[in-house]
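J.: One structure follows; several queries about it will come next.
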Amino acid sequence: MNASMKPVSLPSPAPLLSRTGWVAFLVALIVVCAVAPVLNLLVPSDSVFHLSDYGVGLVGRIMCYAICALAMDLIWGFTGILSLGHGLFFALGGYAMGMYLMRQIGLDGNYKSELPDFMVFLDWKTLPWHWTFSDSFVATLFLIIAVPGLVAFVFGYFAFRSRIKGVYFSIITQAMTFAAMLLFFRNETGFGGNNGFTDFKRILNIPVATPSMRMTLFVLTGVTLLAFFLMARWLINSKFGRVLQAVRDAETRVMFSGYNPLGYKLTIWTISAMMCGVAGALYVPQVGIINPSEMSPANSIEIAIWAAVGGRATLIGPILGAFIVSGAKSWLTVAYPEFWLYFLGALFIGVTLFLPDGVVGLVKRLSQSAQKSGDRS
Amino acid sequence: MLKKFLLSALLFIASSAYSITAEEVKGITTGETDNRIAALAKAMLSADDKTAAFLQALSDDAVKVAGDKILVIQGDKVVDAVTGAAVALPDDAEDVINNNRMRGEIDSALAALKLFSKDDTVRAAAVKQLQSDADETKLPLIEKALATEQNASIKDQLGLVRAAALLGSADKAKRLEAAKLLATSGQANTKTMLLARLDTEPDAEVKAALGAALRQVESALAWGDKLGALFSGISLGSILLLVALGLAITYGLMGVINMAHGELMMIGAYATYVVQGLFQKYLPGAFDWYLLAAVPVAFMASALMGALLERSVIRFLYGRPLETLLATWGISLMLMQLVRSIFGAQNVGVENPSWMSGGMQVLGNLSLPYNRLVIIGFAIFVLGSVAWLIGKTRLGLFVRGVTQNRPIAACMGVNTARIDTYAFALGSGIAGLAGCALSQIGNVGPDLGQGYIVDAFMVVVLGGVGQLAGTVYAALGLGILNKFLEGWAGAVLAKIAVLVVIIIFIQKRPQGIFAMKGRSAEA
């Protein structure tokens, strides 16, 4: 908890987005839904304007990360609760999707069996109970939201009820995702052990590995990201959002004013987890694999760094942060693999020491000082 | 080396003359495996040094068959297995092929013959090997050895081997005697032996005797198992204690969430590795004592790194725990990559000094490894030193003062910034000591710290912030709980169960076992 209190000014009943905001939003929507597909599918591959398949995959993946960063921002930036377990919710959504994709393989697996390959390998004869609804796409859509939501709700209820906060909460969320990772590594759990799920063939009986399917998933991810952005914007501008920010700034005072923070914290925590679940479900068909390493504590902390780099408590910041950090990662891990961790480590340190408000804060500061010097001249 | 020595000794005897009969040699080397084993068993009844030499040659694949002649290769010459006369190696000589079953029979026969060695350790090893595959064919040899055996402990073991051999006897009286003898043994393999026999035993009386023996052995074993679990629990607890003590200072007293704590441990482990390398190179004679030199080096290496971190990064982040957490995570990534760049991504080998290998045999199935005992002792020593340093010294007084009330301590003339650095360096140094201890029982690699960091935070959180006593109880409690759960649920499920227990426990007592008393609305 940040104890330093900034003067609180009553936010004016802000419109969802400003005029320029809406313009930018529409431009983003057009880019995602029209420009990118045209550049990728219609423009010939030798043209300079062609968007490569690798580019589509990369941006699609980063947009999934951006959803996570947005979710992290809601819980950390606006409510002041740092979760180090969001990777778990991401992975749970991914696993729910992965189960469906495994069933869609059908008889085309290596063993030509109804069961997923790893079950044949383990000599299982029937599907375990938690696979019951995995062949239905509708049920899968439900599970993608419900499973992370339920886990988050139960965990959050107990944690917030006993007023675990600050660093304590961060550490037990880390323990939670660590424990889940150990559990999913086991073959008995029925999630493919340390290999996880891979080798997906089709989704809704349409082959996954075609350019048009890749583009569909890309557009879907982009639209989801933009929709979540609007939703987050609406949440934060509502009274609910203002209470959250009050909880962040002075939780005790909120309690003394007659609010019970439990419901507020629990709601935003569960929403945030569900968003991560959706991101995971969109991520898995795009990368074609899900395994327990997605739950490792390092992945969850990386989500926090996206939000921190971009700028906490600004909704656009975390999205930018995800693009900056993940973009740098995919470039550096190829170009200078041995320097990537130095860079990431330095980023962690540099951002916390010198950029408490992230890139967005930096830009704001620069533009303000530019304005000031402009006024003076 | 011992084996080579034996072999050459045996060959020396063997080269003088062969008295093993031609029929035996032929039976053992040629024909169907079943017949060969039968021939081997027959030859064992009248076995002597020559038989041993021949079997050793057979086991070493130094026997060839040429027509009806069996030849043994000794270095660069070839002798006839029966007469011992040197002969030329015919072109059509074929290797004798031993399948795994035959090989096992030959090895156990050799072990039986080694019972007559002059060397105590060779005899003890032979007895140990025979324990698992004693049968009636070796009984005459075992009894002969038992009659001449002088060493009391080997004699006891040999008695058990004899009982095991008797167990397979066709004679009912002998089997009853075996059951009685075996009941006094407290060894795990006796149990499997009895269980196996119990399945096939036709006679009711013997069956009852076997059952009684089994119960007696099981109760002896149960004690060993429980004590064993308790010991490994305490051992794990002592490791957790070492790992968490440093955190108890940096987090418990100073409130700094140091995610790089594991990497400071890793630095301590690598410092131990470097000291080991220096001793190997410059002081090979004193190699056994390198660990004593490694302890202060590991402490200093980690403490200096800790001081550097505190001065350069952490001091700017006091009072902002979440930011500290992220920044120290970044530090841990950089330290890991740094170690990878210097020492490579592979694990490095750190050897136990000779006085730490081996163990103390307490019960039949309970042996306490010396390295674990040393680490338990070391943990107690470190704990004592820290308690003394915090409780009795001027530095400790300042640290406690700054922890309790920073402005007042500053008013009293305490240089709080310097105390922060010292305290952080102390916590880091203790992490280095933990790393030095861990290097003796596990792999030393860049990821060494990652495996312990979650556990360490659990211990500190469970024990309560700002409390050394809480840390001790939490470390031992978690260690023992973990090992007992491991007994019936397996390692991974035990770990998950412990994490769940901690999460539930924190629900009930958010401030840990020993909460700081005070009035505060803020947790």
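Residue numbers start at 1 in each chain; chains themselves are named A, B, ... in the order of the structure tokens; ligands are numbered from 1 in the order shown.
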Considering only C-alpha atoms, return as an MDAnalysis selection string whatever protein or nucleic-acid residues lie within 9 Å of range 162-176 of chain A, sequence-local ones (same chain, fewer than 6 positions apart) excluded.
T.: (chainID A and resid 1 80:86 88 155 262 296:297 300:301) or (chainID B and resid 257 321:322 325 454:455 457:458 461 496 499:500 502:503 506:510 523)
J.: Please produce an output containing C-alpha atoms for each residue in the selection, written as a compact mmCIF listing (two decimals), in the first residue's frame.
T.:
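Produced file result20.txt, reproduced below:
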# COMPACT_ATOMS: atom_id res chain seq x y z
CA MET A 1 0.00 0.00 0.00
CA GLY A 80 -3.36 -1.23 -5.20
CA ILE A 81 -3.29 -5.01 -4.91
CA LEU A 82 -0.25 -6.55 -6.58
CA SER A 83 -1.05 -10.05 -7.74
CA LEU A 84 1.85 -12.34 -8.55
CA GLY A 85 -0.54 -15.12 -9.55
CA HIS A 86 -2.22 -13.82 -12.68
CA LEU A 88 -2.40 -19.00 -13.16
CA PHE A 155 -9.06 -17.56 -3.13
CA LEU A 262 -14.36 -6.82 0.66
CA SER A 296 5.67 -20.36 -13.22
CA PRO A 297 6.00 -17.39 -10.85
CA SER A 300 3.18 -13.73 -13.43
CA ILE A 301 5.79 -11.21 -12.40
CA ILE B 257 11.01 -7.86 0.17
CA PRO B 321 7.43 -2.77 -0.64
CA LEU B 322 5.75 -3.58 -3.96
CA LEU B 325 9.69 -6.59 -4.86
CA VAL B 454 8.90 -19.45 -2.26
CA ASP B 455 9.61 -21.78 0.67
CA PHE B 457 9.00 -16.53 2.19
CA MET B 458 6.49 -19.05 3.47
CA VAL B 461 5.37 -15.21 6.70
CA ILE B 496 1.00 -28.56 -2.45
CA LEU B 499 1.19 -24.52 0.69
CA VAL B 500 -2.55 -24.95 1.19
CA ILE B 502 -0.04 -22.16 5.04
CA ILE B 503 -2.65 -20.25 3.08
CA ILE B 506 -2.60 -17.17 7.36
CA GLN B 507 -6.39 -16.80 7.22
CA LYS B 508 -6.56 -17.50 10.92
CA ARG B 509 -3.46 -15.65 12.00
CA PRO B 510 -2.48 -13.11 9.36
CA ALA B 523 -1.88 -4.62 9.19
J.: With only C-alpha atoms as the counted atoms, please give the residues lying no more than 8 Å from Met102 in chain B, apart from itself and same-chain residues fewer than 3 positions off, as a VMD selection string.
T.: chain B and resid 33 36 to 37 98 to 99 105 to 106
J.: Can you check which residues of chain B have any atom within 6 Å of chain A? Use only C-alpha atoms and format it as a PDB file with N, CA and C atoms, in the first residue's frame.
T.:
ATOM      1  N   GLU B 323       7.271  -1.993  -4.980  1.00  0.00           N
ATOM      2  CA  GLU B 323       8.318  -1.605  -5.921  1.00  0.00           C
ATOM      3  C   GLU B 323       9.613  -2.350  -5.613  1.00  0.00           C
ATOM      4  N   ALA B 327      11.842  -4.552  -8.172  1.00  0.00           N
ATOM      5  CA  ALA B 327      13.239  -4.201  -8.450  1.00  0.00           C
ATOM      6  C   ALA B 327      14.156  -5.357  -8.072  1.00  0.00           C
ATOM      7  N   GLY B 330      14.142  -7.993 -10.557  1.00  0.00           N
ATOM      8  CA  GLY B 330      15.029  -7.648 -11.667  1.00  0.00           C
ATOM      9  C   GLY B 330      16.482  -7.934 -11.319  1.00  0.00           C
ATOM     10  N   ILE B 331      16.864  -7.626 -10.084  1.00  0.00           N
ATOM     11  CA  ILE B 331      18.238  -7.915  -9.652  1.00  0.00           C
ATOM     12  C   ILE B 331      18.500  -9.408  -9.740  1.00  0.00           C
ATOM     13  N   LEU B 333      17.182 -11.601 -11.695  1.00  0.00           N
ATOM     14  CA  LEU B 333      17.364 -12.017 -13.095  1.00  0.00           C
ATOM     15  C   LEU B 333      18.778 -11.700 -13.563  1.00  0.00           C
ATOM     16  N   MET B 334      19.245 -10.495 -13.192  1.00  0.00           N
ATOM     17  CA  MET B 334      20.579 -10.096 -13.653  1.00  0.00           C
ATOM     18  C   MET B 334      21.659 -10.949 -13.008  1.00  0.00           C
ATOM     19  N   ILE B 496       2.245 -29.295  -2.212  1.00  0.00           N
ATOM     20  CA  ILE B 496       0.999 -28.564  -2.448  1.00  0.00           C
ATOM     21  C   ILE B 496       0.199 -28.480  -1.161  1.00  0.00           C
ATOM     22  N   GLN B 507      -5.026 -17.284   7.031  1.00  0.00           N
ATOM     23  CA  GLN B 507      -6.391 -16.800   7.224  1.00  0.00           C
ATOM     24  C   GLN B 507      -6.670 -16.558   8.700  1.00  0.00           C
TER      25      GLN B 507
END
J.: Need the shell around Val151 in chain A: protein/DNA/RNA residues with any atom at most 12 Å away, counting only C-alpha atoms. Skip same-chain ones fewer than 5 positions apart. Format as a ChimeraX atom specification?
T.: /A:85-86,88-90,92-93,143-146,156-158,173,176-177,180,266,269-274,277
J.: Show which residues sit within 7 Å of Val275 in chain B, as a list in words. Count only C-alpha atoms, and ignore same-chain residues fewer than 3 positions away.
T.: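 My reading of the contact set: Ala271, Thr272, Leu278, Phe279, Tyr290 and Ala294 of chain B.
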J.: Restricting the output to N, CA and C atoms, write the selected residues as a JSON list (two decimals), in the first residue's frame.
T.:
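Output file result.json is given in full below:
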[["chain", "number", "residue", "atom", "x", "y", "z"],
["B", 271, "ALA", "N", 30.62, -19.27, -4.48],
["B", 271, "ALA", "CA", 31.85, -18.92, -3.76],
["B", 271, "ALA", "C", 32.48, -20.20, -3.20],
["B", 272, "THR", "N", 31.64, -21.10, -2.68],
["B", 272, "THR", "CA", 32.14, -22.38, -2.19],
["B", 272, "THR", "C", 32.83, -23.14, -3.32],
["B", 278, "LEU", "N", 40.18, -23.50, -5.83],
["B", 278, "LEU", "CA", 41.48, -22.99, -5.40],
["B", 278, "LEU", "C", 42.22, -24.03, -4.56],
["B", 279, "PHE", "N", 41.47, -24.70, -3.68],
["B", 279, "PHE", "CA", 42.11, -25.72, -2.85],
["B", 279, "PHE", "C", 42.63, -26.86, -3.71],
["B", 290, "TYR", "N", 38.59, -27.61, 2.90],
["B", 290, "TYR", "CA", 38.25, -26.43, 2.11],
["B", 290, "TYR", "C", 36.96, -25.78, 2.58],
["B", 294, "ALA", "N", 35.63, -22.03, 3.03],
["B", 294, "ALA", "CA", 34.55, -21.58, 2.16],
["B", 294, "ALA", "C", 33.48, -20.83, 2.95]]
J.: Hey, can you check how far CA of Ala178 in chain B sits from CA of Ala43 in chain B?
T.: 25.1 Å
J.: Would you kindly return, as a ChimeraX atom specification, each protein, DNA or RNA residue with an atom no farther than 10 Å from any atom of range 409-423 of chain B, considering only C-alpha atoms and excluding same-chain residues fewer than 2 positions away?
T.: /B:246,249-250,253-254,303-304,306-311,314-315,390,395-396,398-407,425-429
J.: Find the distance between CA of Leu383 in chain B and CA of Ala244 in chain B and write it in Å to one decimal.
T.: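 We find that CA of Leu383 in chain B and CA of Ala244 in chain B lie 10.6 Å from each other.
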J.: Show me, as a VMD selection string, the residues that have an atom within 10 Å of Asn187 in chain A when counting only C-alpha atoms, minus same-chain residues fewer than 4 positions from it.
T.: chain A and resid 118 to 119 122 183 191 to 196
J.: Would you output that residue set with N, CA and C atoms, as a tab-separated table (two decimals), in the first residue's frame?
T.:
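New file out38.tsv:
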chain	number	residue	atom	x	y	z
A	118	PHE	N	-1.81	-38.22	-24.92
A	118	PHE	CA	-1.10	-38.46	-23.67
A	118	PHE	C	-1.85	-39.45	-22.78
A	119	MET	N	-3.19	-39.51	-22.93
A	119	MET	CA	-3.96	-40.46	-22.12
A	119	MET	C	-3.72	-41.88	-22.62
A	122	LEU	N	-0.55	-42.93	-21.27
A	122	LEU	CA	-0.61	-43.29	-19.86
A	122	LEU	C	-1.49	-44.52	-19.64
A	183	LEU	N	1.11	-29.01	-9.37
A	183	LEU	CA	-0.02	-29.91	-9.57
A	183	LEU	C	-0.19	-30.27	-11.04
A	191	PHE	N	-3.83	-33.37	-17.15
A	191	PHE	CA	-3.63	-32.24	-18.06
A	191	PHE	C	-2.34	-32.39	-18.86
A	192	GLY	N	-1.99	-33.63	-19.10
A	192	GLY	CA	-0.85	-33.86	-19.99
A	192	GLY	C	0.52	-33.67	-19.35
A	193	GLY	N	0.60	-33.55	-18.02
A	193	GLY	CA	1.89	-33.45	-17.35
A	193	GLY	C	2.72	-32.29	-17.86
A	194	ASN	N	4.04	-32.48	-17.90
A	194	ASN	CA	4.87	-31.33	-18.26
A	194	ASN	C	4.86	-31.04	-19.76
A	195	ASN	N	4.33	-31.94	-20.58
A	195	ASN	CA	4.21	-31.61	-22.00
A	195	ASN	C	2.99	-30.76	-22.29
A	196	GLY	N	2.01	-30.83	-21.41
A	196	GLY	CA	0.80	-30.07	-21.62
A	196	GLY	C	0.06	-30.54	-22.87
J.: Give the helix (DSSP H, G or I) residues of range 465-516 of chain B, as assigned by DSSP on the backbone, as an NGL selection string.
T.: :B and (468-489 or 491-508)
J.: I'd like the contact shell of range 54-68 of chain A - 8 Å cut-off, only C-alpha atoms, skipping same-chain residues fewer than 5 positions apart - returned as a list in words.
T.: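 Counting only C-alpha atoms, the residues come to Asn40, His86, Phe90, Arg214, Met215, Leu217, Phe218, Thr221, Gly222, Leu225, Phe228, Met275, Cys276, Ala279, Gly280, Leu282, Tyr283, Gln286, Val287, Ile303, Pro318, Ile319, Leu320, Gly321, Ala322, Phe323, Ser326 and Gly327 of chain A.
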J.: What's the separation between CA of Leu39 in chain A and CA of Leu51 in chain A, in Å to one decimal place?
T.: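 These atoms are spaced 5.3 Å apart.
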